[in-house]
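Asks: My structure is stored as my_file_1.csv, with CSV, C-alpha atoms.
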chain,number,residue,atom,x,y,z
E,1,MET,CA,0.0,0.0,0.0
E,2,SER,CA,1.2,3.5,-0.7
E,3,GLY,CA,-0.1,6.9,0.3
E,4,PHE,CA,-1.8,9.1,-2.3
E,5,ARG,CA,-2.9,12.7,-2.1
E,6,VAL,CA,-6.2,13.3,-3.9
E,7,GLU,CA,-7.4,16.7,-4.7
E,8,VAL,CA,-11.2,17.0,-5.3
E,9,ARG,CA,-12.6,20.1,-7.1
E,10,VAL,CA,-16.3,20.4,-6.7
E,11,MET,CA,-18.1,23.1,-8.7
E,12,PRO,CA,-21.7,24.1,-9.0
E,13,ARG,CA,-23.2,22.8,-12.2
E,14,ALA,CA,-22.5,25.1,-15.1
E,15,SER,CA,-26.3,25.4,-15.8
E,16,LEU,CA,-27.0,26.5,-12.3
E,17,LEU,CA,-27.0,30.1,-11.1
E,18,ASP,CA,-24.0,30.6,-8.8
E,19,PRO,CA,-24.9,33.6,-6.6
E,20,GLN,CA,-21.7,33.3,-4.6
E,21,GLY,CA,-19.6,33.6,-7.7
E,22,GLN,CA,-21.7,36.6,-8.9
E,23,ALA,CA,-21.2,38.4,-5.6
E,24,VAL,CA,-17.4,37.9,-5.8
E,25,GLU,CA,-17.5,39.0,-9.4
E,26,HIS,CA,-19.3,42.3,-8.4
E,27,ALA,CA,-16.8,42.8,-5.5
E,28,LEU,CA,-13.9,42.5,-7.9
E,29,GLN,CA,-15.4,44.9,-10.3
E,30,ALA,CA,-16.1,47.3,-7.4
E,31,LEU,CA,-12.4,47.1,-6.5
E,32,GLY,CA,-11.5,48.2,-10.0
E,33,PHE,CA,-10.6,44.9,-11.6
E,34,GLY,CA,-12.5,45.8,-14.7
E,35,GLU,CA,-11.0,42.8,-16.6
E,36,ILE,CA,-13.0,40.3,-14.5
E,37,GLY,CA,-15.3,38.0,-16.4
E,38,ALA,CA,-17.5,35.4,-14.8
E,39,VAL,CA,-16.5,34.1,-11.4
E,40,ARG,CA,-17.7,30.7,-10.0
E,41,VAL,CA,-17.1,29.5,-6.5
E,42,GLY,CA,-16.7,25.9,-5.6
E,43,LYS,CA,-15.1,23.6,-3.0
E,44,HIS,CA,-11.6,22.1,-2.8
E,45,LEU,CA,-11.1,19.0,-0.7
E,46,VAL,CA,-7.8,17.3,-0.1
E,47,LEU,CA,-7.9,13.6,0.8
E,48,GLN,CA,-5.0,11.3,2.0
E,49,ILE,CA,-5.7,7.8,0.8
E,50,GLN,CA,-3.9,4.5,1.2
E,51,ALA,CA,-4.1,2.3,-1.9
E,52,ALA,CA,-2.1,-0.3,-3.8
E,53,THR,CA,-1.9,1.7,-7.0
E,54,ARG,CA,-2.7,5.2,-8.3
E,55,ASP,CA,-5.6,3.8,-10.3
E,56,GLU,CA,-7.1,2.2,-7.2
E,57,ALA,CA,-6.7,5.5,-5.3
E,58,MET,CA,-8.5,7.3,-8.2
E,59,ALA,CA,-11.3,4.7,-8.2
E,60,ARG,CA,-11.8,4.9,-4.5
E,61,ALA,CA,-11.9,8.7,-4.5
E,62,LYS,CA,-14.4,8.7,-7.4
E,63,ALA,CA,-16.6,6.4,-5.3
E,64,MET,CA,-16.3,8.8,-2.4
E,65,CYS,CA,-17.4,11.7,-4.6
E,66,ASP,CA,-20.3,9.8,-6.1
E,67,ARG,CA,-21.5,8.7,-2.7
E,68,LEU,CA,-20.9,11.8,-0.5
E,69,LEU,CA,-18.5,14.5,-1.6
E,70,ALA,CA,-20.5,15.9,-4.6
E,71,ASN,CA,-24.2,15.9,-5.4
E,72,PRO,CA,-24.6,14.9,-9.0
E,73,VAL,CA,-27.8,16.9,-9.3
E,74,THR,CA,-26.2,20.2,-8.5
E,75,GLU,CA,-22.4,19.8,-8.8
E,76,ASP,CA,-19.6,18.5,-11.0
E,77,TYR,CA,-16.3,17.3,-9.7
E,78,GLN,CA,-12.7,16.7,-10.9
E,79,LEU,CA,-10.0,14.6,-9.3
E,80,ALA,CA,-6.2,14.9,-9.3
E,81,VAL,CA,-4.1,12.1,-7.7
E,82,GLU,CA,-0.5,12.2,-6.8
E,83,ALA,CA,1.8,10.1,-4.7
E,84,ALA,CA,1.9,11.5,-1.1
Z,1,MET,CA,-57.1,5.7,16.3
Z,2,SER,CA,-54.4,8.3,16.3
Z,3,ARG,CA,-51.6,7.8,13.9
Z,4,ARG,CA,-48.1,7.2,15.2
Z,5,VAL,CA,-45.9,10.0,14.0
Z,6,ALA,CA,-42.1,9.6,14.4
Z,7,VAL,CA,-40.3,13.0,14.5
Z,8,VAL,CA,-36.6,12.2,13.8
Z,9,VAL,CA,-34.1,14.3,15.7
Z,10,PHE,CA,-30.7,14.8,14.1
Z,11,PRO,CA,-27.8,16.7,15.8
Z,12,GLY,CA,-28.6,20.2,14.8
Z,13,SER,CA,-32.4,19.8,14.3
Z,14,ASN,CA,-34.1,22.8,15.8
Z,15,CYS,CA,-37.8,22.5,14.7
Z,16,ASP,CA,-38.3,19.1,16.2
Z,17,ALA,CA,-40.2,20.4,19.3
Z,18,ASP,CA,-42.5,22.6,17.2
Z,19,THR,CA,-43.2,19.7,14.8
Z,20,LEU,CA,-44.0,17.3,17.6
Z,21,ALA,CA,-46.4,19.9,19.1
Z,22,ALA,CA,-48.1,20.5,15.8
Z,23,ALA,CA,-48.6,16.8,15.2
Z,24,ARG,CA,-50.0,16.3,18.7
Z,25,ALA,CA,-52.3,19.3,18.3
Z,26,ALA,CA,-53.7,17.6,15.2
Z,27,GLY,CA,-54.5,14.6,17.3
Z,28,SER,CA,-51.5,12.4,16.4
Z,29,ASP,CA,-49.6,10.1,18.8
Z,30,ALA,CA,-46.2,11.8,18.0
Z,31,TYR,CA,-42.9,11.0,19.6
Z,32,TYR,CA,-39.2,11.6,18.9
Z,33,VAL,CA,-36.8,9.1,17.4
Z,34,TRP,CA,-33.1,9.9,17.8
Z,35,HIS,CA,-31.1,9.7,14.6
Z,36,ARG,CA,-28.9,6.9,15.9
Z,37,ASP,CA,-32.0,4.7,16.6
Z,38,CYS,CA,-32.8,2.3,13.8
Z,39,ASP,CA,-36.3,1.5,15.0
Z,40,LEU,CA,-39.2,3.8,14.0
Z,41,GLN,CA,-41.4,2.1,16.6
Z,42,GLN,CA,-44.2,1.2,14.2
Z,43,ALA,CA,-44.6,4.7,12.9
Z,44,ASP,CA,-47.4,5.4,10.5
Z,45,VAL,CA,-45.8,8.7,9.5
Z,46,VAL,CA,-42.2,9.9,9.7
Z,47,ILE,CA,-41.3,13.5,9.8
Z,48,LEU,CA,-37.8,14.9,9.3
Z,49,PRO,CA,-37.9,18.3,10.9
Z,50,GLY,CA,-36.2,21.6,10.1
Z,51,GLY,CA,-32.8,22.7,11.4
Z,52,PHE,CA,-29.2,22.5,10.5
Z,53,SER,CA,-28.2,18.9,10.9
Z,54,TYR,CA,-24.5,18.4,11.1
Z,55,GLY,CA,-24.1,22.2,10.8
Z,56,ASP,CA,-25.0,21.9,7.1
Z,57,TYR,CA,-21.4,20.9,6.5
Z,58,LEU,CA,-20.5,19.8,3.0
Z,59,ARG,CA,-24.1,20.4,1.8
Z,60,SER,CA,-27.3,20.8,3.7
Z,61,GLY,CA,-28.5,17.3,4.5
Z,62,ALA,CA,-25.5,15.5,2.9
Z,63,ILE,CA,-24.3,14.0,6.2
Z,64,ALA,CA,-27.6,13.4,7.9
Z,65,ARG,CA,-28.7,11.3,4.9
Z,66,PHE,CA,-26.2,8.7,6.2
Z,67,SER,CA,-27.5,8.7,9.8
Z,68,PRO,CA,-28.2,5.2,11.2
Z,69,VAL,CA,-32.0,5.9,11.2
Z,70,MET,CA,-32.1,6.6,7.4
Z,71,PRO,CA,-32.3,3.0,6.2
Z,72,ALA,CA,-35.4,2.6,8.3
Z,73,VAL,CA,-36.8,5.8,6.9
Z,74,THR,CA,-36.1,4.6,3.4
Z,75,ALA,CA,-37.7,1.2,4.0
Z,76,HIS,CA,-40.8,2.9,5.4
Z,77,ALA,CA,-41.0,5.2,2.3
Z,78,ARG,CA,-40.4,2.3,-0.1
Z,79,SER,CA,-43.2,0.3,1.5
Z,80,GLY,CA,-45.6,3.2,1.0
Z,81,GLY,CA,-45.4,4.8,4.4
Z,82,ALA,CA,-45.9,8.6,4.6
Z,83,VAL,CA,-42.8,10.7,5.0
Z,84,LEU,CA,-42.7,14.5,5.3
Z,85,GLY,CA,-39.5,16.5,5.2
Z,86,ILE,CA,-39.7,20.1,6.3
Z,87,CYS,CA,-36.9,22.5,5.3
Z,88,ASN,CA,-33.7,20.7,6.4
Z,89,GLY,CA,-35.9,17.5,6.2
Z,90,PHE,CA,-36.7,18.3,2.6
Z,91,GLN,CA,-32.9,18.8,1.9
Z,92,ILE,CA,-32.2,15.4,3.6
Z,93,LEU,CA,-34.9,13.6,1.5
Z,94,CYS,CA,-33.3,15.1,-1.7
Z,95,GLU,CA,-29.8,14.0,-0.6
Z,96,ALA,CA,-31.1,10.6,0.2
Z,97,GLY,CA,-32.6,10.2,-3.3
Z,98,LEU,CA,-36.2,9.8,-1.9
Z,99,LEU,CA,-37.1,13.0,-3.7
Z,100,PRO,CA,-35.6,14.3,-7.0
Z,101,GLY,CA,-33.6,17.4,-7.4
Z,102,GLY,CA,-31.7,19.4,-4.7
Z,103,LEU,CA,-31.8,22.6,-2.7
Z,104,VAL,CA,-29.0,25.1,-3.2
Z,105,ARG,CA,-28.0,28.5,-2.0
Z,106,ASN,CA,-30.8,31.2,-2.2
Z,107,ALA,CA,-30.4,33.2,-5.4
Z,108,ARG,CA,-29.8,36.4,-3.5
Z,109,LEU,CA,-27.6,34.6,-0.9
Z,110,LYS,CA,-29.4,36.1,2.1
Z,111,PHE,CA,-30.7,33.8,4.8
Z,112,LEU,CA,-34.4,34.3,4.7
Z,113,SER,CA,-36.6,34.3,7.8
Z,114,ARG,CA,-40.0,35.7,7.0
Z,115,PRO,CA,-43.5,34.8,5.9
Z,116,VAL,CA,-44.1,33.6,2.3
Z,117,TRP,CA,-47.2,32.6,0.4
Z,118,VAL,CA,-47.6,29.3,-1.2
Z,119,ARG,CA,-50.5,27.8,-3.2
Z,120,VAL,CA,-51.5,24.2,-2.6
Z,121,GLU,CA,-51.2,22.6,-6.0
Z,122,ALA,CA,-51.8,18.9,-5.1
Z,123,ILE,CA,-54.2,17.6,-2.5
Z,124,ASP,CA,-53.7,13.9,-3.1
Z,125,THR,CA,-50.8,13.5,-0.7
Z,126,PRO,CA,-50.9,12.4,3.0
Z,127,PHE,CA,-50.1,16.0,4.0
Z,128,THR,CA,-52.4,18.1,1.9
Z,129,ARG,CA,-55.6,16.2,1.7
Z,130,ALA,CA,-57.3,18.5,4.3
Z,131,TYR,CA,-56.7,21.5,2.0
Z,132,ALA,CA,-58.6,22.5,-1.1
Z,133,ALA,CA,-56.6,22.8,-4.3
Z,134,GLY,CA,-55.7,26.4,-4.9
Z,135,ASP,CA,-55.7,27.4,-1.2
Z,136,VAL,CA,-53.1,30.1,-0.6
Z,137,LEU,CA,-51.3,29.7,2.7
Z,138,GLU,CA,-49.1,32.2,4.6
Z,139,VAL,CA,-46.3,30.3,6.2
Z,140,PRO,CA,-42.7,31.3,7.3
Z,141,VAL,CA,-39.5,30.3,5.6
Z,142,ALA,CA,-36.2,30.2,7.5
Z,143,HIS,CA,-33.4,29.0,5.2
Z,144,GLY,CA,-30.2,29.8,3.4
Z,145,ASP,CA,-30.3,26.9,1.0
Z,146,GLY,CA,-33.9,26.8,-0.3
Z,147,ARG,CA,-33.6,27.2,-4.1
Z,148,TYR,CA,-35.0,24.1,-5.6
Z,149,ALA,CA,-32.9,22.9,-8.6
Z,150,ALA,CA,-33.3,20.0,-10.9
Z,151,ASP,CA,-32.7,19.4,-14.6
Z,152,ASP,CA,-35.5,20.3,-17.1
Z,153,ARG,CA,-36.5,16.8,-17.6
Z,154,THR,CA,-37.2,16.3,-13.9
Z,155,LEU,CA,-39.0,19.6,-13.7
Z,156,ASP,CA,-41.2,18.7,-16.6
Z,157,ALA,CA,-42.0,15.3,-15.1
Z,158,LEU,CA,-42.9,17.0,-11.8
Z,159,GLU,CA,-45.3,19.3,-13.6
Z,160,GLU,CA,-46.8,16.6,-15.8
Z,161,GLU,CA,-47.4,14.3,-12.9
Z,162,ASN,CA,-48.8,17.1,-10.7
Z,163,ARG,CA,-46.0,16.5,-8.2
Z,164,VAL,CA,-45.4,20.1,-7.4
Z,165,VAL,CA,-47.4,20.1,-4.1
Z,166,TRP,CA,-46.8,23.8,-3.1
Z,167,ARG,CA,-45.7,26.7,-5.2
Z,168,TYR,CA,-44.6,30.2,-4.1
Z,169,VAL,CA,-47.1,32.9,-5.1
Z,170,ARG,CA,-46.8,36.7,-5.0
Z,171,ASP,CA,-43.0,36.4,-4.9
Z,172,ASN,CA,-40.4,33.6,-5.3
Z,173,PRO,CA,-38.2,34.2,-2.2
Z,174,ASN,CA,-35.1,32.1,-3.1
Z,175,GLY,CA,-35.1,31.7,-6.9
Z,176,SER,CA,-36.5,28.1,-6.9
Z,177,ALA,CA,-37.1,26.6,-10.3
Z,178,ARG,CA,-40.7,27.0,-11.4
Z,179,ASP,CA,-41.5,28.7,-8.0
Z,180,ILE,CA,-41.4,25.2,-6.3
Z,181,ALA,CA,-41.9,25.3,-2.6
Z,182,GLY,CA,-42.6,21.6,-2.1
Z,183,ILE,CA,-42.9,18.4,-4.1
Z,184,CYS,CA,-43.8,14.7,-3.7
Z,185,ASN,CA,-42.3,11.4,-5.1
Z,186,GLU,CA,-44.0,9.4,-7.8
Z,187,ALA,CA,-45.9,7.3,-5.3
Z,188,ARG,CA,-47.0,10.5,-3.6
Z,189,ASN,CA,-46.2,9.2,-0.1
Z,190,VAL,CA,-42.9,11.1,0.3
Z,191,VAL,CA,-43.3,14.9,0.5
Z,192,GLY,CA,-40.9,17.8,1.0
Z,193,ILE,CA,-41.7,21.4,1.8
Z,194,MET,CA,-39.3,24.3,2.3
Z,195,PRO,CA,-41.6,26.6,4.4
Z,196,HIS,CA,-42.5,25.7,8.0
Z,197,PRO,CA,-46.2,24.7,8.5
Z,198,GLU,CA,-45.4,23.8,12.1
Z,199,ARG,CA,-44.8,27.5,12.8
Z,200,ARG,CA,-48.3,28.5,11.7
Z,201,ASN,CA,-50.6,25.9,13.2
Z,202,GLU,CA,-52.5,28.0,15.7
Z,203,ALA,CA,-53.8,31.6,16.0
Z,204,ALA,CA,-51.3,32.3,18.8
Z,205,LEU,CA,-48.5,31.8,16.3
Z,206,GLY,CA,-49.8,34.4,13.9
Z,207,GLY,CA,-52.0,32.1,11.9
Z,208,GLU,CA,-53.1,28.5,11.4
Z,209,ASP,CA,-52.6,28.1,7.7
Z,210,GLY,CA,-50.1,25.3,8.3
Z,211,ALA,CA,-52.3,23.2,10.7
Z,212,ARG,CA,-53.9,21.2,7.9
Z,213,VAL,CA,-50.6,19.7,6.9
Z,214,PHE,CA,-50.8,17.8,10.2
Z,215,LEU,CA,-54.6,17.4,10.3
Z,216,SER,CA,-54.2,15.7,6.9
Z,217,MET,CA,-52.2,12.9,8.5
Z,218,GLU,CA,-55.2,12.1,10.7
Z,219,ALA,CA,-57.7,12.5,7.8
Z,220,ARG,CA,-56.2,9.5,6.1
Z,221,ASN,CA,-59.6,7.9,5.2
Z,222,ALA,CA,-61.1,11.2,4.1
Z,223,THR,CA,-62.4,11.4,0.6
Z,224,GLN,CA,-61.5,14.5,-1.3
Z,225,HIS,CA,-65.0,15.7,-0.7
Z,226,ALA,CA,-64.3,16.0,3.0
Z,227,VAL,CA,-61.5,18.5,2.7
Z,228,GLY,CA,-63.7,21.5,3.7
Z,229,VAL,CA,-62.6,20.9,7.3
Z,230,ARG,CA,-60.8,23.9,8.6
Z,231,ALA,CA,-58.0,23.8,11.2
Z,232,GLY,CA,-58.9,25.5,14.4
Z,233,SER,CA,-62.6,24.8,14.1
Z,234,ASP,CA,-61.9,21.1,14.6
Z,235,ARG,CA,-58.4,20.6,15.9
Z,236,HIS,CA,-59.0,16.9,16.6
Z,237,LEU,CA,-60.4,15.9,13.2
Z,238,ARG,CA,-61.7,12.4,13.1
Z,239,VAL,CA,-63.1,10.7,10.1
Now that the file is in, can you turn its structure into structure tokens?

Replies:
Amino acid sequence: MSGFRVEVRVMPRASLLDPQGQAVEHALQALGFGEIGAVRVGKHLVLQIQAATRDEAMARAKAMCDRLLANPVTEDYQLAVEAA
Amino acid sequence: MSRRVAVVVFPGSNCDADTLAAARAAGSDAYYVWHRDCDLQQADVVILPGGFSYGDYLRSGAIARFSPVMPAVTAHARSGGAVLGICNGFQILCEAGLLPGGLVRNARLKFLSRPVWVRVEAIDTPFTRAYAAGDVLEVPVAHGDGRYAADDRTLDALEEENRVVWRYVRDNPNGSARDIAGICNEARNVVGIMPHPERRNEAALGGEDGARVFLSMEARNATQHAVGVRAGSDRHLRV
């Protein structure tokens, strides 16, 4: 078994209004960052996982996302795995 | 005979006492079930009350949905038993997959604690049969994550199957899709509502528009012609 560090990026579904992102966008504009386009706010989770291989760590992390960490109705997620 | 109504208490529930009192006022034999108990004690009806279970960590309802009591709630629902989720309870039912869609952050971000108006759209559920279709109720909301969201196909199905049970009227407080305030499942025995009927079940609380949600549980044998009963005039409705 080896240790892996899995980063999970959970974002609100693109089709859903993200009022938090909009509020941040307006705040940046108010601060004079006129170049700002759309802002979306999501969540970033970092998991330490013990697994035999990188693929297994990825598969287990995916199962965790599907079961608990992301809600497929309202959110999308991406995973990045690296050796810890 | 009174119906046995289990009010499930999660860590962070804060509407459990009001919900228990509202069910009792309607004549039900209501009692608490702690979320770590796996026995619903022969409940006829299960209510998941409002609050902030597990601090709303991760997502509202996401952790409560795995509480030890939930397999029993799911089994009760799957066997046709009546289940009502109020506010956080509605969020938990969505997270658990017992109702479609999900509840996300209010469109204008603000936590809302104020009266809203909802129209009763479906009276063929265990929690609305004492209303008349089209009744407009004044009931309070108290939520930060009350915006109902689902894909268009799900929303179309809810509309076609008349599963939107309550709809916001006058204004849509949180940006909910299609002004949805409450829905039911396909079998119509599992119902979720974002506003709090238990906070408006008697005149002393500013109104009794919510009382018939609880009176409906006792009116289980009522035909739809018997829905003229009004809360307050007959608090212990028997049929």

Asks: List the neighbours of E:Arg67 out to 12 Å using only C-alpha atoms; skip same-chain residues closer than 4 positions along the sequence, and give me the result as an NGL selection string.

Replies: (:E and (60-63 or 71-72)) or (:Z and (62-63 or 65-66 or 95-97))

Asks: Name the closest residue to chain E among the candidates Z:Thr74, Z:Thr154, Z:Ser79, Z:Ser216; distances are taken between atoms, counting only C-alpha atoms.

Replies: Z:Thr154

Asks: Pick out the chain Z residues within 12 Å of chain E. Count only C-alpha atoms. Give them as a PyMOL selection string.

Replies: chain Z and resi 57-66+91+94-97+99-110+144-145+147-152+154+174-177

Asks: Counting all atoms listed in the file, which residues sit no farther than 8 Å from the position (-10.6, 20.4, -4.6) in the file's frame? I'd like them as a ChimeraX atom specification.

Replies: /E:7-10,43-46,78-79

Asks: So that I have them on file, write out the residues from the current selection with C-alpha atoms, as a compact mmCIF listing (two decimals), in the coordinates of the input.

Replies:
# COMPACT_ATOMS: atom_id res chain seq x y z
CA GLU E 7 -7.40 16.70 -4.70
CA VAL E 8 -11.20 17.00 -5.30
CA ARG E 9 -12.60 20.10 -7.10
CA VAL E 10 -16.30 20.40 -6.70
CA LYS E 43 -15.10 23.60 -3.00
CA HIS E 44 -11.60 22.10 -2.80
CA LEU E 45 -11.10 19.00 -0.70
CA VAL E 46 -7.80 17.30 -0.10
CA GLN E 78 -12.70 16.70 -10.90
CA LEU E 79 -10.00 14.60 -9.30

Asks: Identify, on the basis of all atoms listed in the file, every residue whose closest approach to Z:Gly134 does not exceed 7 Å; exclude the query and any residue fewer than 6 positions from it along the same chain; express the result as a ChimeraX atom specification.

Replies: /Z:119-121

Asks: Take the residues just selected and output them with C-alpha atoms as a JSON list (two decimals), in the frame of the given file.

Replies:
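For reference, selection26.json as written:
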[["chain", "number", "residue", "atom", "x", "y", "z"],
["Z", 119, "ARG", "CA", -50.50, 27.80, -3.20],
["Z", 120, "VAL", "CA", -51.50, 24.20, -2.60],
["Z", 121, "GLU", "CA", -51.20, 22.60, -6.00]]

Asks: Can you tell me which residues surround E:Val81 at a distance of at most 8 Å, considering all atoms listed in the file, apart from same-chain residues fewer than 2 positions away, and format the answer as a VMD selection string?

Replies: chain E and resid 4 to 7 54 57 to 58 79 83

Asks: Quick one: write out the picked residues with C-alpha atoms as a short mmCIF file (atom, residue, chain, number, x, y, z; two decimals), in the coordinates of the input?

Replies:
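Saved as again33.cif:
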data_model
loop_
_atom_site.label_atom_id
_atom_site.label_comp_id
_atom_site.auth_asym_id
_atom_site.auth_seq_id
_atom_site.Cartn_x
_atom_site.Cartn_y
_atom_site.Cartn_z
CA PHE E 4 -1.80 9.10 -2.30
CA ARG E 5 -2.90 12.70 -2.10
CA VAL E 6 -6.20 13.30 -3.90
CA GLU E 7 -7.40 16.70 -4.70
CA ARG E 54 -2.70 5.20 -8.30
CA ALA E 57 -6.70 5.50 -5.30
CA MET E 58 -8.50 7.30 -8.20
CA LEU E 79 -10.00 14.60 -9.30
CA ALA E 83 1.80 10.10 -4.70
#

Asks: As an exercise, work out the distance from atom CA of Z:Leu112 to atom CA of Z:Ile193 in Å and give it to one decimal place.

Replies: 15.1 Å
